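Next comes structure.cif, with mmCIF, C-alpha atoms.
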```
data_entry
loop_
_atom_site.group_PDB
_atom_site.id
_atom_site.type_symbol
_atom_site.label_atom_id
_atom_site.label_comp_id
_atom_site.auth_asym_id
_atom_site.auth_seq_id
_atom_site.Cartn_x
_atom_site.Cartn_y
_atom_site.Cartn_z
ATOM 1 C CA ILE S 666 78.882 106.270 103.786
ATOM 2 C CA GLU S 667 80.207 107.863 100.612
ATOM 3 C CA ASP S 668 81.209 111.384 99.537
ATOM 4 C CA CYS S 669 80.078 113.171 102.706
ATOM 5 C CA THR S 670 81.740 116.118 104.453
ATOM 6 C CA SER S 671 81.783 117.492 108.026
ATOM 7 C CA PHE S 672 79.798 114.929 110.002
ATOM 8 C CA TYR S 673 79.816 112.965 113.264
ATOM 9 C CA ILE S 674 78.792 109.393 113.983
ATOM 10 C CA PHE S 675 78.087 108.296 117.552
ATOM 11 C CA ASP S 676 77.952 104.756 119.009
ATOM 12 C CA SER S 677 77.492 102.804 115.760
ATOM 13 C CA VAL S 678 77.446 99.011 116.155
ATOM 14 C CA SER S 679 77.798 96.304 113.497
ATOM 15 C CA PHE S 680 78.253 92.525 113.704
ATOM 16 C CA ASP S 681 78.165 89.886 110.957
ATOM 17 C CA THR S 682 77.404 92.371 108.189
ATOM 18 C CA GLY S 683 77.260 91.770 104.436
ATOM 19 C CA ASN S 684 79.826 92.432 101.755
ATOM 20 C CA TYR S 685 81.011 95.995 101.141
ATOM 21 C CA GLN S 686 83.064 95.247 98.013
ATOM 22 C CA THR S 687 80.536 93.554 95.732
ATOM 23 C CA ALA S 688 80.904 96.293 93.112
ATOM 24 C CA LYS S 689 84.598 95.532 92.767
ATOM 25 C CA GLY S 690 84.004 92.008 91.500
ATOM 26 C CA GLN S 691 87.629 90.966 91.930
ATOM 27 C CA GLY S 692 88.792 87.825 93.659
ATOM 28 C CA LYS S 693 87.609 87.033 97.155
ATOM 29 C CA ASN S 694 85.140 89.604 98.419
ATOM 30 C CA TRP S 695 85.670 90.707 101.987
ATOM 31 C CA PRO S 696 82.645 91.167 104.205
ATOM 32 C CA GLY S 697 83.066 94.111 106.517
ATOM 33 C CA SER S 698 81.259 96.539 108.703
ATOM 34 C CA ILE S 699 81.591 100.326 108.890
ATOM 35 C CA LYS S 700 82.888 101.658 105.543
ATOM 36 C CA LEU S 701 83.574 105.252 104.465
ATOM 37 C CA LYS S 702 84.709 106.283 100.988
ATOM 38 C CA GLY S 703 85.515 109.764 99.692
ATOM 39 C CA CYS S 704 84.515 111.466 102.950
ATOM 40 C CA ASN S 705 86.164 114.497 104.566
ATOM 41 C CA SER S 706 86.345 116.136 108.001
ATOM 42 C CA PHE S 707 84.502 113.558 110.087
ATOM 43 C CA THR S 708 84.652 112.097 113.586
ATOM 44 C CA ILE S 709 83.401 108.670 114.616
ATOM 45 C CA TYR S 710 82.917 108.231 118.361
ATOM 46 C CA ASN S 711 82.790 104.810 120.033
ATOM 47 C CA PRO S 712 82.116 102.615 116.981
ATOM 48 C CA VAL S 713 81.850 98.880 117.734
ATOM 49 C CA SER S 714 82.537 96.324 115.019
ATOM 50 C CA GLY S 715 82.843 92.577 115.341
ATOM 51 C CA ASN S 716 82.800 89.060 113.993
ATOM 52 C CA HIS S 717 83.622 89.827 110.352
ATOM 53 C CA VAL S 718 85.504 87.686 107.840
ATOM 54 C CA GLY S 719 87.085 90.788 106.297
ATOM 55 C CA ASN S 720 87.929 94.270 107.532
ATOM 56 C CA GLY S 721 86.174 96.029 110.380
ATOM 57 C CA ILE S 722 86.131 99.840 110.284
ATOM 58 C CA THR S 723 87.384 100.800 106.803
ATOM 59 C CA VAL S 724 88.223 104.210 105.353
ATOM 60 C CA THR S 725 89.177 104.694 101.692
ATOM 61 C CA GLU S 726 90.110 107.893 99.835
ATOM 62 C CA CYS S 727 89.088 110.115 102.752
ATOM 63 C CA THR S 728 90.749 113.051 104.525
ATOM 64 C CA TYR S 729 90.753 114.429 108.078
ATOM 65 C CA GLY S 730 88.970 111.595 109.852
ATOM 66 C CA ARG S 731 89.105 110.885 113.575
ATOM 67 C CA PHE S 732 88.207 107.620 115.259
ATOM 68 C CA ILE S 733 87.714 108.114 118.982
ATOM 69 C CA SER S 734 87.620 104.961 121.165
ATOM 70 C CA PRO S 735 86.712 102.409 118.484
ATOM 71 C CA ILE S 736 86.218 98.807 119.629
ATOM 72 C CA THR S 737 86.764 95.947 117.207
ATOM 73 C CA VAL S 738 86.474 92.253 118.090
ATOM 74 C CA GLY S 739 87.057 89.025 116.165
ATOM 75 C CA ILE S 740 87.959 90.435 112.749
ATOM 76 C CA ASP S 741 89.673 88.112 110.270
ATOM 77 C CA GLY S 742 91.116 90.980 108.189
ATOM 78 C CA ALA S 743 92.187 94.345 109.559
ATOM 79 C CA ASN S 744 90.242 95.676 112.519
ATOM 80 C CA ILE S 745 90.755 99.330 111.618
ATOM 81 C CA TYR S 746 91.850 99.825 108.010
ATOM 82 C CA VAL S 747 92.849 103.232 106.642
ATOM 83 C CA ASN S 748 93.473 102.945 102.910
ATOM 84 C CA ALA S 749 95.101 105.728 100.859
ATOM 85 C CA SER S 750 93.661 108.365 103.142
ATOM 86 C CA GLU S 751 95.183 111.543 104.540
ATOM 87 C CA ASN S 752 95.370 113.006 108.034
ATOM 88 C CA HIS S 753 93.537 110.346 110.016
ATOM 89 C CA SER S 754 93.735 109.764 113.765
ATOM 90 C CA VAL S 755 92.923 106.543 115.589
ATOM 91 C CA ILE S 756 92.761 107.417 119.280
ATOM 92 C CA GLY S 757 92.106 105.054 122.176
ATOM 93 C CA ALA S 758 91.170 101.998 120.110
ATOM 94 C CA LEU S 759 90.532 98.623 121.756
ATOM 95 C CA VAL S 760 91.365 95.760 119.382
ATOM 96 C CA LEU S 761 90.618 92.167 120.442
ATOM 97 C CA ASN S 762 91.240 88.751 118.839
ATOM 98 C CA CYS S 763 92.199 89.623 115.292
ATOM 99 C CA ASN S 764 94.786 89.135 112.551
ATOM 100 C CA ASN S 765 95.699 92.795 112.033
ATOM 101 C CA GLY S 766 95.002 95.500 114.584
ATOM 102 C CA ILE S 767 95.341 98.870 112.834
ATOM 103 C CA VAL S 768 96.466 99.071 109.200
ATOM 104 C CA ILE S 769 97.578 102.150 107.262
ATOM 105 C CA ASN S 770 97.711 101.162 103.587
ATOM 106 C CA SER S 771 98.791 102.992 100.442
ATOM 107 C CA GLU S 772 97.469 101.330 97.308
ATOM 108 C CA LYS S 773 98.202 102.034 93.669
ATOM 109 C CA GLU S 774 94.514 101.919 92.733
ATOM 110 C CA ASN S 775 93.926 105.057 94.800
ATOM 111 C CA GLU S 776 96.897 106.935 93.313
ATOM 112 C CA LYS S 777 98.090 108.448 96.580
ATOM 113 C CA PRO S 778 99.696 107.346 99.832
ATOM 114 C CA SER S 779 98.209 107.438 103.330
ATOM 115 C CA ASN S 780 99.875 110.586 104.667
ATOM 116 C CA GLY S 781 99.660 112.248 108.058
ATOM 117 C CA PHE S 782 98.292 109.322 110.054
ATOM 118 C CA THR S 783 98.216 109.177 113.875
ATOM 119 C CA VAL S 784 97.775 106.042 116.005
ATOM 120 C CA VAL S 785 97.847 106.915 119.731
ATOM 121 C CA ASP S 786 96.823 105.356 123.049
ATOM 122 C CA CYS S 787 95.483 102.142 121.501
ATOM 123 C CA VAL S 788 95.301 98.745 123.208
ATOM 124 C CA GLY S 789 95.277 95.357 121.504
ATOM 125 C CA ILE S 790 94.938 91.855 122.961
ATOM 126 C CA ASN S 791 95.544 88.635 121.020
ATOM 127 C CA VAL S 792 96.559 90.412 117.824
ATOM 128 C CA ILE S 793 98.796 88.790 115.181
ATOM 129 C CA THR S 794 100.122 92.053 113.671
ATOM 130 C CA SER S 795 99.567 95.025 115.975
ATOM 131 C CA ILE S 796 100.075 97.958 113.591
ATOM 132 C CA GLY S 797 100.785 97.622 109.881
ATOM 133 C CA VAL S 798 101.990 100.371 107.566
ATOM 134 C CA TRP S 799 101.706 98.674 104.195
ATOM 135 C CA GLY S 800 102.278 99.774 100.627
ATOM 136 C CA ASN S 801 101.919 98.649 97.057
ATOM 137 C CA GLU S 802 103.493 95.513 95.790
ATOM 138 C CA GLY S 803 106.157 96.582 93.321
ATOM 139 C CA GLU S 804 105.731 100.367 93.450
ATOM 140 C CA ILE S 805 107.228 102.799 95.942
ATOM 141 C CA GLN S 806 104.766 105.246 97.522
ATOM 142 C CA PRO S 807 106.454 107.283 100.265
ATOM 143 C CA ILE S 808 104.449 108.507 103.238
ATOM 144 C CA ASP S 809 105.342 112.031 104.346
ATOM 145 C CA LYS S 810 104.337 111.910 108.004
ATOM 146 C CA GLY S 811 103.138 109.453 110.635
ATOM 147 C CA LYS S 812 102.792 109.185 114.411
ATOM 148 C CA ILE S 813 102.602 105.938 116.404
ATOM 149 C CA THR S 814 102.807 106.692 120.146
ATOM 150 C CA GLY S 815 101.562 105.415 123.486
ATOM 151 C CA ASN S 816 100.155 102.092 122.241
ATOM 152 C CA TYR S 817 100.024 98.816 124.185
ATOM 153 C CA PHE S 818 99.558 95.429 122.487
ATOM 154 C CA ILE S 819 99.549 92.020 124.203
ATOM 155 C CA CYS S 820 100.181 88.633 122.580
ATOM 156 C CA THR S 821 101.344 89.746 119.171
ATOM 157 C CA ASN S 822 103.367 87.822 116.607
ATOM 158 C CA GLN S 823 104.490 90.983 114.855
ATOM 159 C CA ASP S 824 104.651 94.321 116.611
ATOM 160 C CA ILE S 825 104.739 96.944 113.861
ATOM 161 C CA LYS S 826 105.056 95.831 110.255
ATOM 162 C CA PHE S 827 106.480 98.398 107.824
ATOM 163 C CA SER S 828 106.393 97.806 104.086
ATOM 164 C CA PRO S 829 109.594 98.673 102.213
ATOM 165 C CA ASN S 830 107.327 100.126 99.504
ATOM 166 C CA SER S 831 105.958 102.818 101.832
ATOM 167 C CA PRO S 832 108.929 104.538 103.468
ATOM 168 C CA ILE S 833 107.943 107.221 105.993
ATOM 169 C CA THR S 834 109.863 110.498 105.807
ATOM 170 C CA ASP S 835 108.855 111.856 109.232
ATOM 171 C CA LEU S 836 107.820 109.169 111.743
ATOM 172 C CA ASP S 837 107.233 109.969 115.431
ATOM 173 C CA MET S 838 107.307 106.564 117.120
ATOM 174 C CA ARG S 839 107.729 106.344 120.905
ATOM 175 C CA ASP S 840 106.311 104.873 124.133
ATOM 176 C CA ASN S 841 104.839 101.810 122.419
ATOM 177 C CA HIS S 842 104.731 98.508 124.320
ATOM 178 C CA PHE S 843 104.426 95.075 122.752
ATOM 179 C CA VAL S 844 104.138 92.169 125.206
ATOM 180 C CA ASP S 845 104.373 88.449 124.566
ATOM 181 C CA PRO S 846 102.784 86.829 127.636
ATOM 182 C CA LYS S 847 104.899 83.677 127.090
ATOM 183 C CA LEU S 848 108.085 85.563 127.993
#
```

Write the structure described by the file as structure tokens, please.
Amino acid sequence: IEDCTSFYIFDSVSFDTGNYQTAKGQGKNWPGSIKLKGCNSFTIYNPVSGNHVGNGITVTECTYGRFISPITVGIDGANIYVNASENHSVIGALVLNCNNGIVINSEKENEKPSNGFTVVDCVGINVITSIGVWGNEGEIQPIDKGKITGNYFICTNQDIKFSPNSPITDLDMRDNHFVDPKL
């Protein structure tokens, strides 16, 4: 979905989909599932995405998006990937068997950071990196505001990964639980 404003998506499901980055033509292309670019003021309810080599639910250059109760399973990239987007909320996500649970990324190619993100009441099981706030390699892009609260992740190698290239000025981070079942 590209360049759309003020819309809702209900109960979308995608498994084993094709490549969403073929136009880029750079390096390894990442197959993915639900992709939004340049969209504003949207809500996606109960999306289900699974069994992808690349990213699951992906948002690029968008503003004011809400993801309510997304479910992502078996994603080799990032399950929920918010890239250089502003004022997004991921609420009540269930993330299973993946490398990266929820990723907020600020990339140079998009010329702006991912500001005003919210990740609340999410659950992840068998996740390598639970929540990642990543930035550019080599260039500092500060993030003004972020909220990571009330999340619960089990069996993670890395709880929350912050990039030194994306410092957050105002971060509300509390009541998060990261459990290693081996302990």

CA of Lys826 (chain S) sits from CA of Tyr746 (chain S) at a separation of 14.0 Å

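Our summary of the geometry notes that CA of Val844 (chain S) is positioned 20.2 Å from CA of Lys812 (chain S).
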
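The neighbours of Val788 (chain S) here are the residues that come within 6 Å of it, using all atoms listed in the file and leaving out any residue fewer than 2 positions away in the same chain; they are Leu759, Asn816, Tyr817 and Phe818 of chain S.
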
C-alpha atoms of the current selection, written as a PDB file, in the frame of the given file:
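Saved result, part17.pdb, follows:
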```
ATOM      1  CA  LEU S 759      90.532  98.623 121.756  1.00  0.00           C
ATOM      2  CA  ASN S 816     100.155 102.092 122.241  1.00  0.00           C
ATOM      3  CA  TYR S 817     100.024  98.816 124.185  1.00  0.00           C
ATOM      4  CA  PHE S 818      99.558  95.429 122.487  1.00  0.00           C
TER       5      PHE S 818
END
```

I'd like the contact shell of Gly781 (chain S) - 6 Å cut-off, all atoms listed in the file, skipping same-chain residues fewer than 2 positions apart - returned as a list of chain:residue names. S:Glu751, S:Asn752, S:Lys810, S:Gly811

task = Given the file shown, determine the residues that the PyMOL selection byres ((chain S and resi 743) around 8) selects; report them as a ChimeraX atom specification.
result = /S:719-721,740-742,744-746,763-768
